[in-house]
$ cat work-v3.txt   # compact mmCIF, C-alpha atoms
# COMPACT_ATOMS: atom_id res chain seq x y z
CA MET A 1 -22.55 -7.41 4.90
CA VAL A 2 -19.48 -8.83 6.71
CA PHE A 3 -16.06 -8.83 5.10
CA GLY A 4 -13.77 -10.81 7.47
CA PRO A 5 -10.17 -11.44 6.44
CA LEU A 6 -9.66 -10.52 2.81
CA LYS A 7 -7.62 -12.18 0.07
CA ILE A 8 -4.55 -10.22 -1.04
CA ARG A 9 -4.39 -9.83 -4.82
CA LEU A 10 -0.99 -10.69 -6.26
CA TYR A 11 1.06 -9.16 -9.04
CA GLY A 12 -0.63 -9.76 -12.40
CA ASP A 13 -4.14 -9.12 -11.07
CA PRO A 14 -5.68 -6.29 -13.16
CA CYS A 15 -7.00 -4.59 -9.99
CA LEU A 16 -3.44 -3.67 -9.05
CA GLU A 17 -2.82 -1.67 -12.20
CA ALA A 18 -6.18 0.11 -12.42
CA LYS A 19 -6.86 3.62 -11.16
CA SER A 20 -9.23 3.64 -8.22
CA LYS A 21 -12.49 5.58 -8.07
CA ALA A 22 -13.23 8.23 -5.47
CA VAL A 23 -15.49 7.16 -2.62
CA LYS A 24 -18.74 9.14 -2.69
CA GLU A 25 -19.72 8.59 0.93
CA VAL A 26 -18.22 6.81 3.90
CA GLY A 27 -20.95 4.65 5.36
CA PRO A 28 -21.33 1.32 7.15
CA VAL A 29 -20.08 -0.74 4.18
CA GLU A 30 -16.91 1.33 3.88
CA ARG A 31 -16.31 1.12 7.65
CA MET A 32 -16.68 -2.70 7.53
CA LEU A 33 -14.26 -2.82 4.61
CA ILE A 34 -11.76 -0.68 6.53
CA ALA A 35 -12.03 -2.95 9.60
CA ALA A 36 -11.47 -6.02 7.40
CA MET A 37 -8.51 -4.32 5.71
CA PHE A 38 -6.89 -3.59 9.09
CA GLU A 39 -7.47 -7.21 10.14
CA THR A 40 -5.98 -8.52 6.88
CA MET A 41 -3.00 -6.15 6.98
CA ILE A 42 -2.11 -7.12 10.53
CA ALA A 43 -2.52 -10.85 9.82
CA CYS A 44 -0.12 -10.46 6.86
CA LYS A 45 2.37 -8.44 8.95
CA GLY A 46 1.90 -5.36 6.80
CA VAL A 47 2.11 -1.68 7.71
CA GLY A 48 -0.22 -0.53 4.95
CA LEU A 49 -2.90 -1.97 2.69
CA ALA A 50 -4.80 -0.34 -0.18
CA ALA A 51 -8.26 -1.39 -1.37
CA PRO A 52 -6.99 -2.46 -4.84
CA GLN A 53 -4.81 -5.02 -3.07
CA VAL A 54 -8.00 -6.76 -1.93
CA GLY A 55 -9.75 -6.39 -5.29
CA ILE A 56 -11.67 -3.17 -4.65
CA ASN A 57 -10.75 -0.23 -6.86
CA GLU A 58 -11.81 2.52 -4.50
CA GLN A 59 -9.63 5.24 -2.98
CA ILE A 60 -9.21 3.71 0.47
CA PHE A 61 -6.13 2.56 2.33
CA VAL A 62 -5.16 1.75 5.90
CA VAL A 63 -1.89 2.37 7.74
CA ASP A 64 -0.50 0.98 10.99
CA THR A 65 3.19 1.71 11.55
CA GLY A 66 2.99 0.88 15.25
CA LYS A 67 2.97 4.60 16.06
CA GLU A 68 0.50 5.95 13.50
CA VAL A 69 -2.80 4.16 12.77
CA PHE A 70 -5.40 5.55 10.36
CA ALA A 71 -7.61 4.94 7.37
CA ALA A 72 -7.41 7.34 4.43
CA ILE A 73 -10.27 7.82 1.99
CA ASN A 74 -9.85 9.93 -1.17
CA PRO A 75 -6.33 11.00 -0.15
CA LYS A 76 -4.52 13.92 -1.73
CA ILE A 77 -0.89 15.00 -1.56
CA ILE A 78 -0.64 18.75 -1.11
CA LYS A 79 3.13 19.11 -0.93
CA ALA A 80 6.22 16.90 -0.66
CA ALA A 81 9.77 17.74 0.43
CA GLY A 82 13.12 16.06 0.90
CA HIS A 83 14.09 12.61 -0.39
CA ASP A 84 15.47 9.36 0.80
CA VAL A 85 15.85 5.88 -0.59
CA MET A 86 14.64 2.85 1.32
CA GLU A 87 14.02 -0.78 0.49
CA GLU A 88 10.29 -1.52 0.23
CA GLY A 89 8.33 -4.72 0.00
CA CYS A 90 4.69 -5.15 -0.94
CA LEU A 91 2.05 -7.61 0.22
CA SER A 92 0.95 -7.99 -3.42
CA ILE A 93 4.46 -8.80 -4.65
CA PRO A 94 5.82 -11.32 -2.12
CA ARG A 95 9.59 -11.74 -1.71
CA VAL A 96 10.45 -8.73 -3.87
CA LEU A 97 12.27 -5.77 -2.33
CA VAL A 98 12.92 -2.59 -4.30
CA ASP A 99 14.91 0.53 -3.42
CA VAL A 100 12.42 3.37 -3.81
CA LYS A 101 13.21 7.08 -3.68
CA ARG A 102 10.38 8.94 -1.96
CA ALA A 103 9.76 12.25 -0.25
CA LYS A 104 10.67 12.29 3.45
CA ASN A 105 7.94 14.78 4.34
CA VAL A 106 4.45 15.08 2.87
CA TRP A 107 1.52 17.33 3.56
CA VAL A 108 -1.70 15.46 2.90
CA GLU A 109 -5.44 15.59 3.25
CA PHE A 110 -7.99 12.80 3.31
CA THR A 111 -11.32 11.77 4.77
CA ASN A 112 -11.20 9.37 7.71
CA GLU A 113 -13.65 6.56 8.50
CA GLU A 114 -15.75 8.98 10.57
CA ASN A 115 -16.27 11.22 7.51
CA ARG A 116 -13.98 13.90 8.92
CA GLN A 117 -11.48 15.82 6.80
CA VAL A 118 -7.92 15.38 7.99
CA ARG A 119 -4.94 17.55 7.07
CA ALA A 120 -1.58 16.36 8.28
CA GLN A 121 2.15 16.62 7.82
CA LEU A 122 3.67 13.14 7.70
CA ASN A 123 7.36 12.34 8.11
CA GLY A 124 9.63 9.34 7.89
CA LEU A 125 8.07 5.87 7.78
CA VAL A 126 4.46 7.03 7.92
CA ALA A 127 5.10 9.36 4.95
CA ARG A 128 6.68 6.47 3.02
CA VAL A 129 3.76 4.14 3.78
CA PHE A 130 1.24 6.83 2.81
CA LEU A 131 3.02 7.37 -0.53
CA HIS A 132 3.31 3.61 -1.19
CA GLU A 133 -0.42 3.08 -0.60
CA TYR A 134 -1.29 6.24 -2.54
CA ASP A 135 0.62 4.74 -5.48
CA HIS A 136 -1.61 1.64 -5.29
CA LEU A 137 -4.69 3.84 -5.75
CA HIS A 138 -3.17 5.06 -9.02
CA GLY A 139 -2.15 1.64 -10.35
CA LYS A 140 1.54 2.11 -9.56
CA LEU A 141 3.62 -0.67 -7.98
CA ILE A 142 7.11 -0.80 -6.50
CA LEU A 143 8.23 -2.65 -9.64
CA ASP A 144 7.54 0.56 -11.56
CA TYR A 145 10.47 2.19 -9.73
CA LEU A 146 12.95 -0.30 -11.19
CA PRO A 147 14.97 0.34 -14.34
CA SER A 148 13.12 -1.37 -17.23
CA LYS A 149 15.82 -4.04 -17.65
CA ASP A 150 15.60 -5.11 -13.98
CA ARG A 151 11.82 -4.86 -13.97
CA SER A 152 11.50 -7.10 -17.04
CA ARG A 153 13.93 -9.65 -15.60
CA ILE A 154 12.14 -9.89 -12.25
CA ILE A 155 8.67 -10.07 -13.85
CA SER A 156 9.86 -12.81 -16.19
CA GLN A 157 11.35 -14.77 -13.29
CA MET A 158 8.20 -14.32 -11.18
CA LYS A 159 6.04 -15.60 -14.06
CA ASN A 160 8.12 -18.73 -14.61
CA GLY A 161 8.62 -19.38 -10.89
CA SER A 162 12.39 -18.93 -10.90
CA TYR A 163 12.59 -15.69 -8.90
CA THR A 164 14.98 -16.19 -5.98
CA GLY A 165 16.09 -12.59 -5.45
CA ASN A 166 15.41 -10.47 -2.45
CA VAL A 167 13.37 -12.60 -0.06
CA LEU A 168 11.65 -11.27 3.01
CA GLY A 169 12.40 -14.00 5.54
CA ASP A 170 9.67 -15.60 7.60
CA GLU A 171 12.21 -16.03 10.40
CA ASP A 172 12.03 -12.32 11.21
CA VAL A 173 8.57 -11.93 12.69
CA ASN A 174 9.18 -8.19 13.15
CA THR A 175 9.51 -7.60 9.39
CA ARG A 176 6.36 -5.85 8.25
CA LYS A 177 5.61 -5.12 4.62
CA ILE A 178 4.12 -1.98 3.14

$ encode --input "work-v3.txt" --output "structure tokens"
Amino acid sequence: MVFGPLKIRLYGDPCLEAKSKAVKEVGPVERMLIAAMFETMIACKGVGLAAPQVGINEQIFVVDTGKEVFAAINPKIIKAAGHDVMEEGCLSIPRVLVDVKRAKNVWVEFTNEENRQVRAQLNGLVARVFLHEYDHLHGKLILDYLPSKDRSRIISQMKNGSYTGNVLGDEDVNTRKI
């Protein structure tokens, strides 16, 4: 089974709002999926990609911040501390940017693609990306962080094609989306 580049699911796809199932075993199929997810994420200029974003509701995501690169299977958050607010985009919700308050530091555990347990303290951008992708595994999107009035307005505009708000410009090739 070969995956190749995968299709990113967009807002409105039921996969994005479903809770993902735990992975029972990391084998060759999961490793091929992870490789295809990395390929897709990089091609889309992302820094993170969760399996639900490619139509697979399993607890897998990949991260590549330029400094930290890893795959996380069945991730858990042990502890979180500190807060900051940062504008986030999402490959599944093109052109939308949302200010999201997240923990600055997180202590996590997950299985990697080699079936090894990893425990780590993550800080800054890598912590933010981990939390963003973790949200995807639980059916939560950046739109869920908006006040209901703003969320409803943006969703309505996206559905009727009139959304012109915060646009991630193609002219900035260094802009990478979570």

$ atom_distance --input "work-v3.txt" --atom1 "CA of Cys44 (chain A)" --atom2 "CA of Asn105 (chain A)"
26.6 Å

$ atom_distance --input "work-v3.txt" --atom1 "CA of Asn57 (chain A)" --atom2 "CA of Tyr163 (chain A)"
28.1 Å

$ residues_near_point --input "work-v3.txt" --point "(-3.0, -3.0, -5.7)" --cutoff "10 Å" --atoms "only C-alpha atoms" --output "JSON, numbers by chain"
{"A": [8, 9, 10, 11, 12, 13, 14, 15, 16, 17, 18, 19, 20, 49, 50, 51, 52, 53, 54, 55, 56, 57, 90, 91, 92, 93, 133, 134, 135, 136, 137, 138, 139, 140, 141]}

$ atom_distance --input "work-v3.txt" --atom1 "CA of Leu33 (chain A)" --atom2 "CA of Thr111 (chain A)"
14.9 Å

$ closest_residue --input "work-v3.txt" --among "A:Ser156, A:Val126, A:Ala72, A:Val85" --to "Ile34 (chain A)" --atoms "all atoms listed in the file"
A:Ala72

$ axis_aligned_box --input "work-v3.txt" --around "region 5-8 of chain A" --padding-each-side "3 Å" --output "AutoDock Vina command-line options"
--center_x -7.4 --center_y -11.2 --center_z 2.7 --size_x 11.6 --size_y 8.0 --size_z 13.5

$ residues_near_point --input "work-v3.txt" --point "(8.6, 1.5, -4.6)" --cutoff "12 Å" --atoms "all atoms listed in the file" --output "PyMOL selection string"
chain A and resi 84-90+93+96-103+128-136+140-147+151+177-178

$ residues_around --input "work-v3.txt" --residues "region 73-82 of chain A" --least-positions-apart "6" --cutoff "9 Å" --atoms "all atoms listed in the file" --output "list in words"
Lys21, Ala22, Val23, Val26, Glu58, Gln59, Ile60, Phe61, Val62, Arg102, Ala103, Lys104, Asn105, Val106, Trp107, Val108, Glu109, Phe110, Thr111, Asn112, Glu113, Asn115, Leu131 and Tyr134 of chain A

$ residues_around --input "work-v3.txt" --residues "Asp64 (chain A)" --least-positions-apart "4" --cutoff "8 Å" --atoms "only C-alpha atoms" --output "VMD selection string"
chain A and resid 46 to 48 68 to 70

$ write_last_selection --input "work-v3.txt" --atoms "C-alpha atoms" --output "short mmCIF file (atom, residue, chain, number, x, y, z; two decimals), keeping the file's coordinate frame"
data_model
loop_
_atom_site.label_atom_id
_atom_site.label_comp_id
_atom_site.auth_asym_id
_atom_site.auth_seq_id
_atom_site.Cartn_x
_atom_site.Cartn_y
_atom_site.Cartn_z
CA GLY A 46 1.90 -5.36 6.80
CA VAL A 47 2.11 -1.68 7.71
CA GLY A 48 -0.22 -0.53 4.95
CA GLU A 68 0.50 5.95 13.50
CA VAL A 69 -2.80 4.16 12.77
CA PHE A 70 -5.40 5.55 10.36
#

$ closest_residue --input "work-v3.txt" --among "A:Ala127, A:Pro94, A:Glu114, A:His83" --to "Met158 (chain A)" --atoms "all atoms listed in the file"
A:Pro94

$ decode --input "work-v3.txt" --residues "region 53-154 of chain A" --atoms "C-alpha atoms" --output "CSV table (one decimal), in the first residue's frame"
chain,number,residue,atom,x,y,z
A,53,GLN,CA,-7.0,16.4,8.0
A,54,VAL,CA,-6.3,13.8,5.4
A,55,GLY,CA,-9.5,11.8,6.2
A,56,ILE,CA,-8.2,9.3,8.6
A,57,ASN,CA,-9.6,9.4,12.1
A,58,GLU,CA,-6.7,7.9,14.0
A,59,GLN,CA,-4.6,9.5,16.7
A,60,ILE,CA,-1.6,10.4,14.5
A,61,PHE,CA,0.0,13.7,13.7
A,62,VAL,CA,3.3,15.0,12.3
A,63,VAL,CA,5.3,18.1,13.2
A,64,ASP,CA,8.1,19.9,11.4
A,65,THR,CA,8.9,23.4,12.8
A,66,GLY,CA,12.3,23.5,11.1
A,67,LYS,CA,13.9,22.7,14.4
A,68,GLU,CA,11.7,19.9,15.8
A,69,VAL,CA,10.6,17.1,13.5
A,70,PHE,CA,8.5,14.1,14.8
A,71,ALA,CA,5.5,12.0,14.4
A,72,ALA,CA,3.2,11.5,17.4
A,73,ILE,CA,0.9,8.5,17.8
A,74,ASN,CA,-1.7,8.4,20.7
A,75,PRO,CA,-0.4,11.6,22.2
A,76,LYS,CA,-1.2,12.7,25.7
A,77,ILE,CA,-0.8,16.0,27.5
A,78,ILE,CA,0.5,15.4,31.0
A,79,LYS,CA,0.8,19.0,32.2
A,80,ALA,CA,0.6,22.5,30.7
A,81,ALA,CA,1.9,25.8,32.0
A,82,GLY,CA,2.0,29.5,31.1
A,83,HIS,CA,-0.1,31.1,28.3
A,84,ASP,CA,0.3,33.3,25.3
A,85,VAL,CA,-1.8,34.3,22.4
A,86,MET,CA,-0.7,33.9,18.8
A,87,GLU,CA,-2.4,34.0,15.4
A,88,GLU,CA,-2.8,30.5,13.9
A,89,GLY,CA,-3.8,29.3,10.5
A,90,CYS,CA,-4.9,25.8,9.5
A,91,LEU,CA,-4.4,23.8,6.3
A,92,SER,CA,-8.0,22.7,6.6
A,93,ILE,CA,-9.3,26.2,6.9
A,94,PRO,CA,-7.5,28.2,4.2
A,95,ARG,CA,-7.1,32.0,4.5
A,96,VAL,CA,-8.5,32.1,8.1
A,97,LEU,CA,-6.3,33.3,10.9
A,98,VAL,CA,-7.5,33.1,14.6
A,99,ASP,CA,-5.8,34.4,17.7
A,100,VAL,CA,-5.6,31.4,20.0
A,101,LYS,CA,-4.6,31.3,23.6
A,102,ARG,CA,-2.5,28.3,24.4
A,103,ALA,CA,-0.1,27.0,27.0
A,104,LYS,CA,3.6,28.0,26.4
A,105,ASN,CA,5.0,24.9,27.9
A,106,VAL,CA,3.6,21.4,27.8
A,107,TRP,CA,4.8,18.0,29.1
A,108,VAL,CA,3.6,15.3,26.7
A,109,GLU,CA,4.0,11.6,26.0
A,110,PHE,CA,3.4,9.7,22.7
A,111,THR,CA,4.5,6.8,20.7
A,112,ASN,CA,6.8,7.5,17.8
A,113,GLU,CA,6.9,5.8,14.4
A,114,GLU,CA,9.4,3.3,15.7
A,115,ASN,CA,7.0,2.2,18.4
A,116,ARG,CA,9.0,3.9,21.2
A,117,GLN,CA,7.4,5.8,24.0
A,118,VAL,CA,8.5,9.4,24.1
A,119,ARG,CA,8.2,11.8,27.0
A,120,ALA,CA,9.1,15.4,26.4
A,121,GLN,CA,8.7,19.0,27.6
A,122,LEU,CA,7.8,21.2,24.6
A,123,ASN,CA,8.1,25.0,24.6
A,124,GLY,CA,7.2,27.9,22.3
A,125,LEU,CA,6.2,27.1,18.7
A,126,VAL,CA,6.6,23.3,19.0
A,127,ALA,CA,4.3,23.3,22.0
A,128,ARG,CA,1.7,25.4,20.1
A,129,VAL,CA,1.9,23.1,17.0
A,130,PHE,CA,1.6,20.0,19.2
A,131,LEU,CA,-1.5,21.5,20.9
A,132,HIS,CA,-3.1,22.6,17.6
A,133,GLU,CA,-2.7,19.1,16.1
A,134,TYR,CA,-3.8,17.4,19.4
A,135,ASP,CA,-7.0,19.5,19.1
A,136,HIS,CA,-7.6,18.0,15.6
A,137,LEU,CA,-7.5,14.5,17.1
A,138,HIS,CA,-10.4,15.6,19.3
A,139,GLY,CA,-12.5,17.3,16.6
A,140,LYS,CA,-11.6,20.8,17.7
A,141,LEU,CA,-10.7,23.5,15.2
A,142,ILE,CA,-9.2,27.0,15.5
A,143,LEU,CA,-12.7,28.4,14.7
A,144,ASP,CA,-13.8,26.9,18.0
A,145,TYR,CA,-11.6,29.5,19.8
A,146,LEU,CA,-13.6,32.4,18.3
A,147,PRO,CA,-16.5,34.1,20.1
A,148,SER,CA,-19.7,32.5,18.8
A,149,LYS,CA,-20.7,35.7,16.9
A,150,ASP,CA,-17.4,35.9,15.0
A,151,ARG,CA,-17.4,32.1,14.4
A,152,SER,CA,-20.9,32.2,12.9
A,153,ARG,CA,-20.1,35.2,10.7
A,154,ILE,CA,-16.9,33.6,9.3
